[in-house]
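*Asks:* First, the structure itself, so that you have it in front of you.
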Amino acid sequence: MPEVEINIGGRSFEVACQEGEEHYLQAAAALLDKEASALTSQIGRLPEARMLLMAGLMLADKTAGVEDRLRDLKHKMADMESELDRLKSAPAPDPERIEVPVVPESVTESLAELAARAESLAAEVEEKIAG
């Protein structure tokens, strides 16, 4: 069983752990050290047991807050999933009827006749200018 030296609040401790768990122990010790360092910077030197107790309680408080938020997120996620299921199982809405106006054929014929007259007039004007 490996022995790992960890530092918490400026103090060193030798701790045994399972093979391959050293990284997790170092990470946990770093979290505890961060809290202990905050305590010692605010309060000053504390007895070892009190420092570890207070740092542990501060971490436990943060962990409880994170667990509460996680639980709230799980509830919201469950609500969203049930709403999604409801929407998936709901019948599709009726298609909208869209009417596109159609230009009457008489208007199209009138426009074509006007265009032909305009071209004819343009041709006459060009002949008079050229001639």
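Letters A, B, ... mark the chains of the structure tokens in the order given; residue numbers begin at 1 per chain; ligand numbers begin at 1, in order shown.
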If we count only C-alpha atoms and set the cut-off at 9 Å, which residues sit around region 14-18 of chain A, ignoring sequence neighbours fewer than 4 positions away in its own chain? Please answer as number ranges by chain.

*Replies:* A: 1-7, 22, 25

*Asks:* Excluding Asp33 (chain A) and its own-chain neighbours fewer than 6 positions away, which residues fall within 8 Å of it when counting only C-alpha atoms? Please give them as JSON, numbers by chain.

*Replies:* {"A": [7, 8, 9, 55]}

*Asks:* Next, the residues of the selection above should be written as a PDB file, in the first residue's frame with N, CA and C atoms.

*Replies:*
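As written to disk, again-v7.pdb reads:
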ATOM      1  N   ASN A   7       0.032  17.856   1.870  1.00  0.00           N
ATOM      2  CA  ASN A   7       0.184  19.086   2.645  1.00  0.00           C
ATOM      3  C   ASN A   7      -1.170  19.753   2.750  1.00  0.00           C
ATOM      4  N   ILE A   8      -1.549  20.016   3.990  1.00  0.00           N
ATOM      5  CA  ILE A   8      -2.830  20.673   4.252  1.00  0.00           C
ATOM      6  C   ILE A   8      -2.590  21.777   5.267  1.00  0.00           C
ATOM      7  N   GLY A   9      -2.919  22.997   4.873  1.00  0.00           N
ATOM      8  CA  GLY A   9      -2.767  24.126   5.784  1.00  0.00           C
ATOM      9  C   GLY A   9      -1.345  24.331   6.269  1.00  0.00           C
ATOM     10  N   ALA A  55     -11.953  22.948   7.880  1.00  0.00           N
ATOM     11  CA  ALA A  55     -11.768  22.813   6.434  1.00  0.00           C
ATOM     12  C   ALA A  55     -12.686  21.719   5.887  1.00  0.00           C
TER      13      ALA A  55
END

*Asks:* With DSSP run on the backbone, what are the helix (DSSP H, G or I) residues within region 58-125 of chain A? I'd like them as an MDAnalysis selection string.

*Replies:* chainID A and resid 58:89 105:125

*Asks:* Residues of chain A classed as strand (DSSP E or B) by DSSP on the backbone are to be reported as a PyMOL selection string.

*Replies:* chain A and resi 3-8+11-16

*Asks:* Mind writing the picked residues with C-alpha atoms as a PDB file, in the first residue's frame?

*Replies:*
ATOM      1  CA  GLU A   3       2.324   6.069   1.302  1.00  0.00           C
ATOM      2  CA  VAL A   4       1.626   9.558  -0.009  1.00  0.00           C
ATOM      3  CA  GLU A   5       2.769  12.804   1.578  1.00  0.00           C
ATOM      4  CA  ILE A   6       0.094  15.481   1.452  1.00  0.00           C
ATOM      5  CA  ASN A   7       0.184  19.086   2.645  1.00  0.00           C
ATOM      6  CA  ILE A   8      -2.830  20.673   4.252  1.00  0.00           C
ATOM      7  CA  ARG A  11       1.331  20.880   7.572  1.00  0.00           C
ATOM      8  CA  SER A  12       2.561  17.608   6.084  1.00  0.00           C
ATOM      9  CA  PHE A  13       0.852  14.272   6.572  1.00  0.00           C
ATOM     10  CA  GLU A  14       1.783  10.739   5.485  1.00  0.00           C
ATOM     11  CA  VAL A  15      -1.302   8.897   4.253  1.00  0.00           C
ATOM     12  CA  ALA A  16      -1.656   5.359   2.915  1.00  0.00           C
TER      13      ALA A  16
END

*Asks:* Can you list, as JSON, numbers by chain, every protein, DNA or RNA residue that comes within 8 Å of Leu32 (chain A) when you count only C-alpha atoms, leaving out same-chain residues fewer than 4 positions away?

*Replies:* {"A": [8, 28, 36, 52, 55, 56, 59]}

*Asks:* Please dump the current selection as an mmCIF file, in the first residue's frame; keep N, CA and C atoms.

*Replies:*
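That gives us out-v5.cif:
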data_model
loop_
_atom_site.group_PDB
_atom_site.id
_atom_site.type_symbol
_atom_site.label_atom_id
_atom_site.label_comp_id
_atom_site.auth_asym_id
_atom_site.auth_seq_id
_atom_site.Cartn_x
_atom_site.Cartn_y
_atom_site.Cartn_z
ATOM 1 N N ILE A 8 -1.549 20.016 3.990
ATOM 2 C CA ILE A 8 -2.830 20.673 4.252
ATOM 3 C C ILE A 8 -2.590 21.777 5.267
ATOM 4 N N ALA A 28 -7.906 15.273 -3.635
ATOM 5 C CA ALA A 28 -8.737 15.528 -2.447
ATOM 6 C C ALA A 28 -7.968 16.378 -1.434
ATOM 7 N N ALA A 36 -8.271 24.903 4.073
ATOM 8 C CA ALA A 36 -7.449 25.130 5.270
ATOM 9 C C ALA A 36 -6.612 26.391 5.117
ATOM 10 N N LEU A 52 -8.401 21.007 10.490
ATOM 11 C CA LEU A 52 -8.918 19.946 9.631
ATOM 12 C C LEU A 52 -10.438 19.844 9.738
ATOM 13 N N ALA A 55 -11.953 22.948 7.880
ATOM 14 C CA ALA A 55 -11.768 22.813 6.434
ATOM 15 C C ALA A 55 -12.686 21.719 5.887
ATOM 16 N N GLY A 56 -12.810 20.622 6.620
ATOM 17 C CA GLY A 56 -13.706 19.539 6.203
ATOM 18 C C GLY A 56 -15.158 19.988 6.176
ATOM 19 N N LEU A 59 -15.752 22.198 3.147
ATOM 20 C CA LEU A 59 -15.875 21.374 1.940
ATOM 21 C C LEU A 59 -17.219 20.652 1.906
#
